[in-house]
Each structure stands twice: as structure tokens, then as C-alpha cells.
Number of protein chains: 2
Amino acid sequence: MARASQTEVAVLGGLSVQPMTGYALREAIRDVLGHFWSESYGQIYPTLAELERQGFVRREGATRTGASTFAITPPGTRRLQELLAQPVQVTPPRNGLMLRLYFGRHLGPAACRTLVQQALTEAQDALERYAEIRAEIEGQDSADREYWLLTVSAGEHSARAAQAWAHDALSTLAALDDAAGTRAGRTS
Amino acid sequence: MARASQTEVAVLGGLSVQPMTGYALREAIRDVLGHFWSESYGQIYPTLAELERQGFVRREGATRTGASTFAITPPGTRRLQELLAQPVQVTPPRNGLMLRLYFGRHLGPAACRTLVQQALTEAQDALERYAEIRAEIEGQDSADREYWLLTVSAGEHSARAAQAWAHDALSTLAALDDAAGTRAGRTS
DNA sequence: CAGTGATGTCTCTGGTAGATATATCTCTCA
DNA sequence: TGAGAGATATATCTACCAGAGACATCACTG
């Protein structure tokens, strides 16, 4: 197993919090882990089936509609700990914004400023979301609380950095735009 | 074409700097765009073949060894500008470190500290690399210079944020570890 | 001149994203 | 009552993508 499926960790981890359907699992991952993780149905359902086959999760209460809840089993919990202990798998970076800025000369300063402005807005939105998540976690008394706050803190640091960078970048691009304007004969 | 291939942008962008072989292209992307982009051979060669078929790149000088250089054509340059102008495609996040920290209770404070310590070291290494890249770009007189520095600046902000977060996180985890030790009867 | 490492092309496997097809359930409002 | 909207739920298909490795040549070096 050269490339372990990262999905397995997220699925077992999610079910370690509470039993859920595949649908609810996807919702939970999107809403709770959303700022650092994502899963699609195309991954979740096959993974659940495989984990069931291996005895790491148990399918419970298949209703008439076909909906069934999955729960983690004791071997599944051990499997989760085993997977968590494995070295972190780094996802290769693919930042579309940076790619566009790197070739920004083909795009022009104005279009680049729009892109950076969007990034700035996104960073600010992210900070607001983090504030809400932080308040919610701090309000509850879970054994996981400090760990969860660690990930929120990482998001906050990252978003503030994005914000600061965007400000710098907007200044730089404004200067570039002015220079281009001056060269083209415009005054100020 | 619902999902445009991101690889196409990187390949055309790379060839817009200078003509290269597929091998050199991959080297260039890894070394120059490496901190925000990555491509694999499995993407590059089929993409080059497809771009050649569409007339966006031209294959030049196939030597006896089979090595051939690719150059971007005028339609290719227009295609690049068209692709760059399309909305940024956000890659869904997949941060293995955060996933482990979120389920950190299953891992324990000590193991988490090791992970964060690794992240701290990586951030510091990244800062050193950025300093080198910055020096190199500032030394040359290219029309692209300001755009390239924009991406370096983003890396620097991000790495400093990671550094600051790691320091915070190490304190938090140390406190958790102490608390666990105290509960277990250890004296400091 | 054998060995090593860099250059170079290409393929195969399997992880992954995103859209979509299908169906049921629940609530609301006419 | 019943039509419709929207949430819940399962599952699949296509295309994108990473990583490893097979295979070959070339340049340098001991």
C-alpha cells in the first residue's frame, strides 16, 4: 500500500465522533473540517464499503429507504490510531491565484488587482467564519476542545497572513499600474 | 469543458518563458513554481501532445534520441491569456497535519508536539529558500520581476504565519502534556 | 571502459473532484 | 388535498491528477 488513502483517516475520524450516514459524514467534513479538509461522495461511499468489508465500521439500521448509519468498531478505532501515527502526507501545492500572478504580465496589473482584491475579501470572510467556529468550540466542554482550537488557530494565522500579503500586493500592483499609465502618456 | 485542465496553464506559461523539452519543463515547474505549483510527467506529456495537436505548441528538433523541444505558438500565447483570464480554480484543501491535530486526542500531546515541531522546521527552511529566491529575482532585470516577487512575498507571509502558529501550538500542547502528567501523578 | 548520475520520453495504477441520476421524506402553501 | 421545494440519502461516471517506474541515451570520472 504505497499510497494510503487519506480518505480512510477522515472517514474513521468522523465516525469516531459519532455514528452517521454517508451523507451526514460528508456534511460534517465540509462544515467542521472544511477549512483544511474535503471529501466527495465519490470517495466516501466506496471507502465506507471497503471499511465495512474489513470490519472497521459496522452498518446499522438500514431503513426501508436504503439509508443506513455507520459506526466505528473497536478494530476501527485501533486502525484510526495506526493511520494517524503514520507520517503526514503532503499534498502537492496547486495555487491557481499564484499561477496567474506569476504570469501576471500576460494579464496586466488591473486584472491582477482584481484577483488580489478577491483574495483579500476571501481572507476577511474566512476570519469571520473562524471567529464563529472559535466561539462555538470554546462554548462546549469536550476533551477534544484544545485540539480543535489548534486547527482554528492555524486557519486564523493563515488568513491574517493572506490579508497582510494582499495589502502589500495591492500597493505593488497599483505602482505597476501607475508606471504603465505614465509610460502610455497619462498624467498621474 | 466544465473542468479546464490546470496543467494546460502551467505548461503554456512555462513555454512562454522559453522553449523546452518536457523534462526541462517539469524541472522548471518544480524549481521555480515549486512553492505554489506542481506537475507530474503523467500530466505533462499527454498535455504537450494535446497542445501540439491543437496547434498551441510546436515540436522542434526531434534528435536521434527522441528528445524534442517544444515552443509556444502565437495561437498558444492567445490561448494562455484566455486561460489566465478564467476564474481561479480553487483546489480543495487537504492538510494532513491539521487532520491529525484535529483528532489529536487519539494521538496524544507528545506525538502532536513532534508533528508541530516538524512543521516549524519546515517553515523555517521555507523562509531560507524564499530569501534565496528573492535575492535571485531581485538581481535580474526582467519585465516579470514584480509579478514573480508577488508570489515570493505570499510564500514568505505564509511561512511566517506557520512559524508563529507553531510556536503558539507548542505552548498549548506543552500545557496539555503537563496537565496529563499531573493527573497521572507525576511531579513536574 | 565500466559505472554513475543526469537527461529524456512515456505508461500504468490508483487516489480524487465534481457532476449527475435516482429516490424518498418533510414541510409549506395554495 | 396535493403540488412543489428542498433536504436527506445512495451510488456511479468521467476526467483530472500524482507518483512510481520502465526504458533509453548521454556525459563525466575513476
# chains A, B, ... in the order shown; residues from 1 in each chain; ligands from 1
>>> closest_atom_pairs(of="chain C", to="chain A", cutoff="12 Å", atoms="only C-alpha atoms (C1' of nucleotides)", output="JSON lines")
{"residue": "C:DT13", "atom": "C1'", "partner": "A:Arg3", "partner_atom": "CA", "distance": 10.7}
{"residue": "C:DG14", "atom": "C1'", "partner": "A:Arg3", "partner_atom": "CA", "distance": 8.6}
{"residue": "C:DG15", "atom": "C1'", "partner": "A:Ser5", "partner_atom": "CA", "distance": 6.9}
{"residue": "C:DT16", "atom": "C1'", "partner": "A:Gln43", "partner_atom": "CA", "distance": 7.2}
{"residue": "C:DA17", "atom": "C1'", "partner": "A:Ser40", "partner_atom": "CA", "distance": 6.7}
{"residue": "C:DG18", "atom": "C1'", "partner": "A:Ser40", "partner_atom": "CA", "distance": 7.8}
{"residue": "C:DA19", "atom": "C1'", "partner": "A:Gly42", "partner_atom": "CA", "distance": 10.5}
{"residue": "C:DT20", "atom": "C1'", "partner": "A:Gly42", "partner_atom": "CA", "distance": 11.6}
{"residue": "C:DA23", "atom": "C1'", "partner": "A:Thr65", "partner_atom": "CA", "distance": 8.2}
{"residue": "C:DT24", "atom": "C1'", "partner": "A:Thr65", "partner_atom": "CA", "distance": 6.4}
{"residue": "C:DC25", "atom": "C1'", "partner": "A:Thr65", "partner_atom": "CA", "distance": 9.3}
>>> select_by_dssp(residues="segment 1-139 of chain A", states="alpha helix (DSSP H)", output="PyMOL selection string")
chain A and resi 6-17+22-32+41-53+74-85+96-102+109-139
>>> residues_around(residues="Gly13 of chain B", least_positions_apart="2", cutoff="10 Å", atoms="only C-alpha atoms (C1' of nucleotides)", output="list in words")
Leu99, Arg100, Tyr102, Phe103 and His106 of chain A; Thr7, Glu8, Val9, Ala10, Val11, Leu15, Ser16, Val17, Gln18, Ile29, Ile72, Gly76, Thr77, Leu80, Gln81 and Leu84 of chain B
>>> write_last_selection(atoms="C-alpha atoms", output="PDB file, in the first residue's frame")
ATOM      1  CA  LEU A  99      -0.045  30.753 -11.013  1.00  0.00           C
ATOM      2  CA  ARG A 100      -1.939  33.686 -12.507  1.00  0.00           C
ATOM      3  CA  TYR A 102       3.365  34.627 -11.715  1.00  0.00           C
ATOM      4  CA  PHE A 103       2.337  35.027 -15.345  1.00  0.00           C
ATOM      5  CA  HIS A 106       0.153  38.449 -19.694  1.00  0.00           C
TER       6      HIS A 106
ATOM      7  CA  THR B   7      -1.922  21.709 -16.303  1.00  0.00           C
ATOM      8  CA  GLU B   8      -2.509  23.456 -19.607  1.00  0.00           C
ATOM      9  CA  VAL B   9      -1.948  26.858 -17.975  1.00  0.00           C
ATOM     10  CA  ALA B  10       1.284  25.812 -16.308  1.00  0.00           C
ATOM     11  CA  VAL B  11       2.643  24.174 -19.470  1.00  0.00           C
ATOM     12  CA  LEU B  15       6.879  27.568 -22.549  1.00  0.00           C
ATOM     13  CA  SER B  16       6.040  31.283 -22.743  1.00  0.00           C
ATOM     14  CA  VAL B  17       9.286  31.945 -20.865  1.00  0.00           C
ATOM     15  CA  GLN B  18      11.380  29.835 -23.222  1.00  0.00           C
ATOM     16  CA  ILE B  29       7.968  23.941 -12.642  1.00  0.00           C
ATOM     17  CA  ILE B  72       4.675  28.115 -27.790  1.00  0.00           C
ATOM     18  CA  GLY B  76      -0.754  29.310 -27.948  1.00  0.00           C
ATOM     19  CA  THR B  77       0.048  32.698 -26.442  1.00  0.00           C
ATOM     20  CA  LEU B  80      -2.607  31.242 -22.452  1.00  0.00           C
ATOM     21  CA  GLN B  81      -4.047  34.718 -21.981  1.00  0.00           C
ATOM     22  CA  LEU B  84      -5.280  33.081 -17.329  1.00  0.00           C
TER      23      LEU B  84
END
>>> atom_distance(atom1="atom CA of Ala131 of chain A", atom2="atom CA of Gly155 of chain A")
10.4 Å
>>> closest_residue(among="D:DG21, D:DC28, D:DT1, D:DA9", to="chain B", atoms="only C-alpha atoms (C1' of nucleotides)")
D:DG21
>>> residues_around(residues="Thr21 of chain A", least_positions_apart="5", cutoff="12 Å", atoms="only C-alpha atoms (C1' of nucleotides)", output="ChimeraX atom specification")
/A:11,14-15,26-28,41,44-45,48,57-63,66-72 /D:8-10
>>> write_last_selection(atoms="N, CA, C and O atoms (P, O5', C5', C4', C3', O3' and C1' of nucleotides)", output="JSON list (two decimals), in the first residue's frame")
[["chain", "number", "residue", "atom", "x", "y", "z"],
["A", 11, "VAL", "N", -12.71, 9.52, 7.24],
["A", 11, "VAL", "CA", -13.95, 8.78, 7.46],
["A", 11, "VAL", "C", -13.96, 8.14, 8.85],
["A", 11, "VAL", "O", -14.91, 8.31, 9.62],
["A", 14, "GLY", "N", -14.19, 10.88, 11.49],
["A", 14, "GLY", "CA", -15.55, 11.41, 11.58],
["A", 14, "GLY", "C", -16.46, 10.49, 12.35],
["A", 14, "GLY", "O", -17.20, 10.91, 13.25],
["A", 15, "LEU", "N", -16.37, 9.19, 12.04],
["A", 15, "LEU", "CA", -17.23, 8.22, 12.73],
["A", 15, "LEU", "C", -16.79, 8.02, 14.19],
["A", 15, "LEU", "O", -17.58, 7.52, 15.00],
["A", 26, "ARG", "N", -20.33, 13.45, 4.99],
["A", 26, "ARG", "CA", -19.87, 14.44, 4.03],
["A", 26, "ARG", "C", -20.21, 15.86, 4.50],
["A", 26, "ARG", "O", -19.40, 16.77, 4.40],
["A", 27, "GLU", "N", -21.41, 16.00, 5.04],
["A", 27, "GLU", "CA", -21.82, 17.30, 5.58],
["A", 27, "GLU", "C", -20.88, 17.72, 6.71],
["A", 27, "GLU", "O", -20.43, 18.86, 6.78],
["A", 28, "ALA", "N", -20.61, 16.77, 7.61],
["A", 28, "ALA", "CA", -19.77, 17.06, 8.78],
["A", 28, "ALA", "C", -18.37, 17.46, 8.34],
["A", 28, "ALA", "O", -17.79, 18.42, 8.84],
["A", 41, "TYR", "N", -18.50, 12.53, -2.39],
["A", 41, "TYR", "CA", -19.24, 11.28, -2.34],
["A", 41, "TYR", "C", -18.51, 10.16, -3.06],
["A", 41, "TYR", "O", -18.52, 9.01, -2.63],
["A", 44, "ILE", "N", -16.29, 8.85, -0.46],
["A", 44, "ILE", "CA", -16.85, 8.41, 0.81],
["A", 44, "ILE", "C", -17.56, 7.06, 0.70],
["A", 44, "ILE", "O", -17.30, 6.14, 1.50],
["A", 45, "TYR", "N", -18.43, 6.88, -0.28],
["A", 45, "TYR", "CA", -19.19, 5.65, -0.34],
["A", 45, "TYR", "C", -18.33, 4.42, -0.60],
["A", 45, "TYR", "O", -18.46, 3.41, 0.09],
["A", 48, "LEU", "N", -16.44, 3.70, 2.66],
["A", 48, "LEU", "CA", -17.29, 3.10, 3.68],
["A", 48, "LEU", "C", -17.51, 1.61, 3.40],
["A", 48, "LEU", "O", -17.43, 0.77, 4.31],
["A", 57, "VAL", "N", -15.78, -0.59, 10.24],
["A", 57, "VAL", "CA", -17.03, 0.10, 10.55],
["A", 57, "VAL", "C", -18.17, -0.91, 10.43],
["A", 57, "VAL", "O", -18.04, -1.94, 9.76],
["A", 58, "ARG", "N", -19.27, -0.61, 11.12],
["A", 58, "ARG", "CA", -20.42, -1.52, 11.12],
["A", 58, "ARG", "C", -21.62, -0.75, 10.59],
["A", 58, "ARG", "O", -21.88, 0.39, 10.99],
["A", 59, "ARG", "N", -22.35, -1.37, 9.66],
["A", 59, "ARG", "CA", -23.55, -0.74, 9.10],
["A", 59, "ARG", "C", -24.73, -1.06, 10.00],
["A", 59, "ARG", "O", -24.97, -2.22, 10.34],
["A", 60, "GLU", "N", -25.46, -0.03, 10.41],
["A", 60, "GLU", "CA", -26.57, -0.24, 11.35],
["A", 60, "GLU", "C", -27.87, 0.28, 10.77],
["A", 60, "GLU", "O", -27.89, 1.29, 10.08],
["A", 61, "GLY", "N", -28.94, -0.42, 11.12],
["A", 61, "GLY", "CA", -30.30, 0.06, 10.84],
["A", 61, "GLY", "C", -30.54, 0.54, 9.44],
["A", 61, "GLY", "O", -30.86, 1.72, 9.23],
["A", 62, "ALA", "N", -30.38, -0.35, 8.47],
["A", 62, "ALA", "CA", -30.75, 0.03, 7.11],
["A", 62, "ALA", "C", -32.27, 0.18, 7.06],
["A", 62, "ALA", "O", -33.00, -0.79, 7.24],
["A", 63, "THR", "N", -32.72, 1.38, 6.82],
["A", 63, "THR", "CA", -34.17, 1.64, 6.78],
["A", 63, "THR", "C", -34.72, 1.21, 5.44],
["A", 63, "THR", "O", -33.99, 0.81, 4.54],
["A", 66, "GLY", "N", -33.22, 2.69, 2.32],
["A", 66, "GLY", "CA", -31.86, 2.41, 1.94],
["A", 66, "GLY", "C", -30.84, 3.17, 2.77],
["A", 66, "GLY", "O", -29.65, 2.91, 2.69],
["A", 67, "ALA", "N", -31.32, 4.12, 3.60],
["A", 67, "ALA", "CA", -30.42, 4.88, 4.44],
["A", 67, "ALA", "C", -29.89, 4.01, 5.57],
["A", 67, "ALA", "O", -30.65, 3.30, 6.22],
["A", 68, "SER", "N", -28.57, 4.02, 5.78],
["A", 68, "SER", "CA", -28.02, 3.25, 6.89],
["A", 68, "SER", "C", -26.94, 4.05, 7.60],
["A", 68, "SER", "O", -26.21, 4.82, 6.99],
["A", 69, "THR", "N", -26.86, 3.85, 8.89],
["A", 69, "THR", "CA", -25.90, 4.56, 9.73],
["A", 69, "THR", "C", -24.65, 3.69, 9.89],
["A", 69, "THR", "O", -24.76, 2.48, 10.06],
["A", 70, "PHE", "N", -23.49, 4.34, 9.85],
["A", 70, "PHE", "CA", -22.24, 3.62, 10.05],
["A", 70, "PHE", "C", -21.64, 3.99, 11.40],
["A", 70, "PHE", "O", -21.65, 5.16, 11.79],
["A", 71, "ALA", "N", -21.13, 2.98, 12.11],
["A", 71, "ALA", "CA", -20.47, 3.22, 13.39],
["A", 71, "ALA", "C", -19.08, 2.59, 13.36],
["A", 71, "ALA", "O", -18.87, 1.56, 12.71],
["A", 72, "ILE", "N", -18.14, 3.22, 14.03],
["A", 72, "ILE", "CA", -16.78, 2.68, 14.07],
["A", 72, "ILE", "C", -16.74, 1.52, 15.06],
["A", 72, "ILE", "O", -17.43, 1.53, 16.08],
["D", 8, "DT", "P", -30.60, 18.07, 5.72],
["D", 8, "DT", "O5'", -30.93, 16.59, 5.21],
["D", 8, "DT", "C5'", -32.00, 15.86, 5.80],
["D", 8, "DT", "C4'", -32.11, 14.51, 5.14],
["D", 8, "DT", "C3'", -30.85, 13.63, 5.20],
["D", 8, "DT", "O3'", -31.19, 12.42, 5.84],
["D", 8, "DT", "C1'", -31.78, 13.64, 3.04],
["D", 9, "DA", "P", -30.05, 11.45, 6.40],
["D", 9, "DA", "O5'", -29.62, 10.66, 5.08],
["D", 9, "DA", "C5'", -30.48, 9.65, 4.59],
["D", 9, "DA", "C4'", -30.03, 9.18, 3.23],
["D", 9, "DA", "C3'", -28.55, 8.86, 3.06],
["D", 9, "DA", "O3'", -28.36, 7.49, 3.40],
["D", 9, "DA", "C1'", -29.63, 9.67, 1.07],
["D", 10, "DT", "P", -26.90, 6.82, 3.25],
["D", 10, "DT", "O5'", -26.91, 6.36, 1.73],
["D", 10, "DT", "C5'", -27.96, 5.51, 1.28],
["D", 10, "DT", "C4'", -27.76, 5.19, -0.18],
["D", 10, "DT", "C3'", -26.35, 4.66, -0.53],
["D", 10, "DT", "O3'", -26.51, 3.39, -1.12],
["D", 10, "DT", "C1'", -27.06, 6.35, -2.06]]
>>> residues_around(residues="segment 146-152 of chain A", least_positions_apart="4", cutoff="9 Å", atoms="only C-alpha atoms (C1' of nucleotides)", output="ChimeraX atom specification")
/A:35-36,130-131,133-134,137-138,142,156-157 /B:98-99,101-105,165,168-169,172-173,176
>>> closest_residue(among="B:Glu52, B:Asp31, B:Glu122, B:Asp144", to="chain A", atoms="only C-alpha atoms")
B:Asp144
>>> residues_around(residues="Leu115 of chain A", least_positions_apart="3", cutoff="9 Å", atoms="only C-alpha atoms (C1' of nucleotides)", output="mmCIF file with N, CA and C atoms, in the first residue's frame")
data_model
loop_
_atom_site.group_PDB
_atom_site.id
_atom_site.type_symbol
_atom_site.label_atom_id
_atom_site.label_comp_id
_atom_site.auth_asym_id
_atom_site.auth_seq_id
_atom_site.Cartn_x
_atom_site.Cartn_y
_atom_site.Cartn_z
ATOM 1 N N LEU A 97 -4.293 31.119 -7.930
ATOM 2 C CA LEU A 97 -4.056 32.563 -7.837
ATOM 3 C C LEU A 97 -2.587 32.887 -8.094
ATOM 4 N N ARG A 100 -1.537 32.541 -11.687
ATOM 5 C CA ARG A 100 -1.939 33.686 -12.507
ATOM 6 C C ARG A 100 -1.064 34.904 -12.238
ATOM 7 N N LEU A 101 -0.712 35.124 -10.986
ATOM 8 C CA LEU A 101 0.122 36.287 -10.677
ATOM 9 C C LEU A 101 1.528 36.114 -11.242
ATOM 10 N N ALA A 110 -4.178 45.584 -13.798
ATOM 11 C CA ALA A 110 -5.561 45.796 -13.370
ATOM 12 C C ALA A 110 -6.255 44.476 -13.046
ATOM 13 N N ALA A 111 -6.124 43.502 -13.957
ATOM 14 C CA ALA A 111 -6.758 42.204 -13.730
ATOM 15 C C ALA A 111 -6.163 41.523 -12.501
ATOM 16 N N CYS A 112 -4.855 41.700 -12.307
ATOM 17 C CA CYS A 112 -4.204 41.111 -11.140
ATOM 18 C C CYS A 112 -4.748 41.728 -9.859
ATOM 19 N N GLN A 118 -10.049 39.995 -4.617
ATOM 20 C CA GLN A 118 -10.899 38.839 -4.288
ATOM 21 C C GLN A 118 -10.296 38.017 -3.163
ATOM 22 N N ALA A 119 -8.988 37.802 -3.248
ATOM 23 C CA ALA A 119 -8.308 37.015 -2.219
ATOM 24 C C ALA A 119 -8.425 37.706 -0.863
ATOM 25 N N LEU A 120 -8.324 39.028 -0.863
ATOM 26 C CA LEU A 120 -8.438 39.798 0.376
ATOM 27 C C LEU A 120 -9.820 39.618 0.995
ATOM 28 N N PRO B 87 -11.710 32.378 -14.311
ATOM 29 C CA PRO B 87 -11.725 32.446 -12.847
ATOM 30 C C PRO B 87 -10.793 31.419 -12.208
ATOM 31 N N VAL B 88 -10.168 31.833 -11.123
ATOM 32 C CA VAL B 88 -9.237 30.970 -10.406
ATOM 33 C C VAL B 88 -9.974 29.733 -9.905
#
>>> atom_distance(atom1="atom CA of Gly34 of chain A", atom2="atom CA of Gln89 of chain A")
18.0 Å
>>> closest_residue(among="B:Thr182, B:Gln54, B:Thr91, B:Gln117", to="chain A", atoms="only C-alpha atoms")
B:Thr91
>>> interface_residues(of="chain D", to="chain B", cutoff="8 Å", atoms="only C-alpha atoms (C1' of nucleotides)", output="JSON, numbers by chain")
{"D": [16, 17, 18, 19, 25]}
>>> atom_distance(atom1="atom CA of Arg145 of chain B", atom2="atom CA of Ala162 of chain A")
20.8 Å
>>> select_by_dssp(residues="segment 37-99 of chain A", states="strand (DSSP E or B)", output="ChimeraX atom specification")
/A:57-60,69-72
>>> write_last_selection(atoms="all heavy atoms", output="PDB file, in the first residue's frame")
ATOM      1  N   VAL A  57     -15.778  -0.589  10.239  1.00  0.00           N
ATOM      2  CA  VAL A  57     -17.032   0.102  10.553  1.00  0.00           C
ATOM      3  C   VAL A  57     -18.174  -0.915  10.434  1.00  0.00           C
ATOM      4  O   VAL A  57     -18.037  -1.939   9.761  1.00  0.00           O
ATOM      5  CB  VAL A  57     -17.312   1.308   9.614  1.00  0.00           C
ATOM      6  CG1 VAL A  57     -16.167   2.292   9.615  1.00  0.00           C
ATOM      7  CG2 VAL A  57     -17.614   0.837   8.205  1.00  0.00           C
ATOM      8  N   ARG A  58     -19.274  -0.611  11.117  1.00  0.00           N
ATOM      9  CA  ARG A  58     -20.419  -1.516  11.117  1.00  0.00           C
ATOM     10  C   ARG A  58     -21.622  -0.753  10.587  1.00  0.00           C
ATOM     11  O   ARG A  58     -21.882   0.388  10.987  1.00  0.00           O
ATOM     12  CB  ARG A  58     -20.684  -1.979  12.550  1.00  0.00           C
ATOM     13  CG  ARG A  58     -21.594  -3.175  12.678  1.00  0.00           C
ATOM     14  CD  ARG A  58     -21.688  -3.637  14.123  1.00  0.00           C
ATOM     15  NE  ARG A  58     -22.092  -2.528  14.996  1.00  0.00           N
ATOM     16  CZ  ARG A  58     -21.323  -1.958  15.931  1.00  0.00           C
ATOM     17  NH1 ARG A  58     -20.099  -2.408  16.136  1.00  0.00           N
ATOM     18  NH2 ARG A  58     -21.767  -0.963  16.665  1.00  0.00           N
ATOM     19  N   ARG A  59     -22.351  -1.373   9.663  1.00  0.00           N
ATOM     20  CA  ARG A  59     -23.549  -0.743   9.104  1.00  0.00           C
ATOM     21  C   ARG A  59     -24.726  -1.062  10.003  1.00  0.00           C
ATOM     22  O   ARG A  59     -24.971  -2.222  10.340  1.00  0.00           O
ATOM     23  CB  ARG A  59     -23.786  -1.298   7.698  1.00  0.00           C
ATOM     24  CG  ARG A  59     -24.875  -0.584   6.912  1.00  0.00           C
ATOM     25  CD  ARG A  59     -25.168  -1.312   5.620  1.00  0.00           C
ATOM     26  NE  ARG A  59     -24.052  -1.275   4.675  1.00  0.00           N
ATOM     27  CZ  ARG A  59     -24.010  -0.453   3.611  1.00  0.00           C
ATOM     28  NH1 ARG A  59     -25.006   0.374   3.387  1.00  0.00           N
ATOM     29  NH2 ARG A  59     -22.983  -0.476   2.802  1.00  0.00           N
ATOM     30  N   GLU A  60     -25.465  -0.032  10.407  1.00  0.00           N
ATOM     31  CA  GLU A  60     -26.566  -0.242  11.352  1.00  0.00           C
ATOM     32  C   GLU A  60     -27.865   0.281  10.767  1.00  0.00           C
ATOM     33  O   GLU A  60     -27.888   1.292  10.076  1.00  0.00           O
ATOM     34  CB  GLU A  60     -26.305   0.514  12.654  1.00  0.00           C
ATOM     35  CG  GLU A  60     -25.001   0.122  13.337  1.00  0.00           C
ATOM     36  CD  GLU A  60     -24.798   0.889  14.628  1.00  0.00           C
ATOM     37  OE1 GLU A  60     -25.206   2.070  14.683  1.00  0.00           O
ATOM     38  OE2 GLU A  60     -24.245   0.309  15.577  1.00  0.00           O
ATOM     39  N   THR A  69     -26.859   3.848   8.895  1.00  0.00           N
ATOM     40  CA  THR A  69     -25.897   4.556   9.728  1.00  0.00           C
ATOM     41  C   THR A  69     -24.653   3.688   9.894  1.00  0.00           C
ATOM     42  O   THR A  69     -24.760   2.481  10.064  1.00  0.00           O
ATOM     43  CB  THR A  69     -26.529   4.838  11.099  1.00  0.00           C
ATOM     44  OG1 THR A  69     -27.732   5.569  10.903  1.00  0.00           O
ATOM     45  CG2 THR A  69     -25.587   5.634  11.973  1.00  0.00           C
ATOM     46  N   PHE A  70     -23.489   4.344   9.850  1.00  0.00           N
ATOM     47  CA  PHE A  70     -22.243   3.615  10.053  1.00  0.00           C
ATOM     48  C   PHE A  70     -21.642   3.988  11.402  1.00  0.00           C
ATOM     49  O   PHE A  70     -21.647   5.156  11.786  1.00  0.00           O
ATOM     50  CB  PHE A  70     -21.244   3.947   8.947  1.00  0.00           C
ATOM     51  CG  PHE A  70     -21.646   3.410   7.610  1.00  0.00           C
ATOM     52  CD1 PHE A  70     -22.465   4.146   6.763  1.00  0.00           C
ATOM     53  CD2 PHE A  70     -21.209   2.153   7.199  1.00  0.00           C
ATOM     54  CE1 PHE A  70     -22.845   3.641   5.529  1.00  0.00           C
ATOM     55  CE2 PHE A  70     -21.581   1.649   5.958  1.00  0.00           C
ATOM     56  CZ  PHE A  70     -22.394   2.388   5.129  1.00  0.00           C
ATOM     57  N   ALA A  71     -21.132   2.976  12.107  1.00  0.00           N
ATOM     58  CA  ALA A  71     -20.470   3.216  13.391  1.00  0.00           C
ATOM     59  C   ALA A  71     -19.084   2.594  13.356  1.00  0.00           C
ATOM     60  O   ALA A  71     -18.868   1.565  12.709  1.00  0.00           O
ATOM     61  CB  ALA A  71     -21.289   2.608  14.531  1.00  0.00           C
ATOM     62  N   ILE A  72     -18.135   3.220  14.033  1.00  0.00           N
ATOM     63  CA  ILE A  72     -16.778   2.682  14.075  1.00  0.00           C
ATOM     64  C   ILE A  72     -16.739   1.517  15.063  1.00  0.00           C
ATOM     65  O   ILE A  72     -17.430   1.527  16.080  1.00  0.00           O
ATOM     66  CB  ILE A  72     -15.768   3.793  14.460  1.00  0.00           C
ATOM     67  CG1 ILE A  72     -14.331   3.357  14.177  1.00  0.00           C
ATOM     68  CG2 ILE A  72     -15.946   4.213  15.920  1.00  0.00           C
ATOM     69  CD1 ILE A  72     -13.330   4.510  14.253  1.00  0.00           C
TER      70      ILE A  72
END
>>> closest_residue(among="C:DC29, C:DC12, C:DA21, C:DA6", to="DC26 of chain D", atoms="only C-alpha atoms (C1' of nucleotides)")
C:DA6
>>> closest_residue(among="A:Asp178, A:Glu82, A:Asp125, A:Asp141", to="chain B", atoms="only C-alpha atoms")
A:Glu82
>>> closest_residue(among="A:Ala179, A:Val116, A:Ala154, A:Leu25", to="chain B", atoms="only C-alpha atoms")
A:Ala154
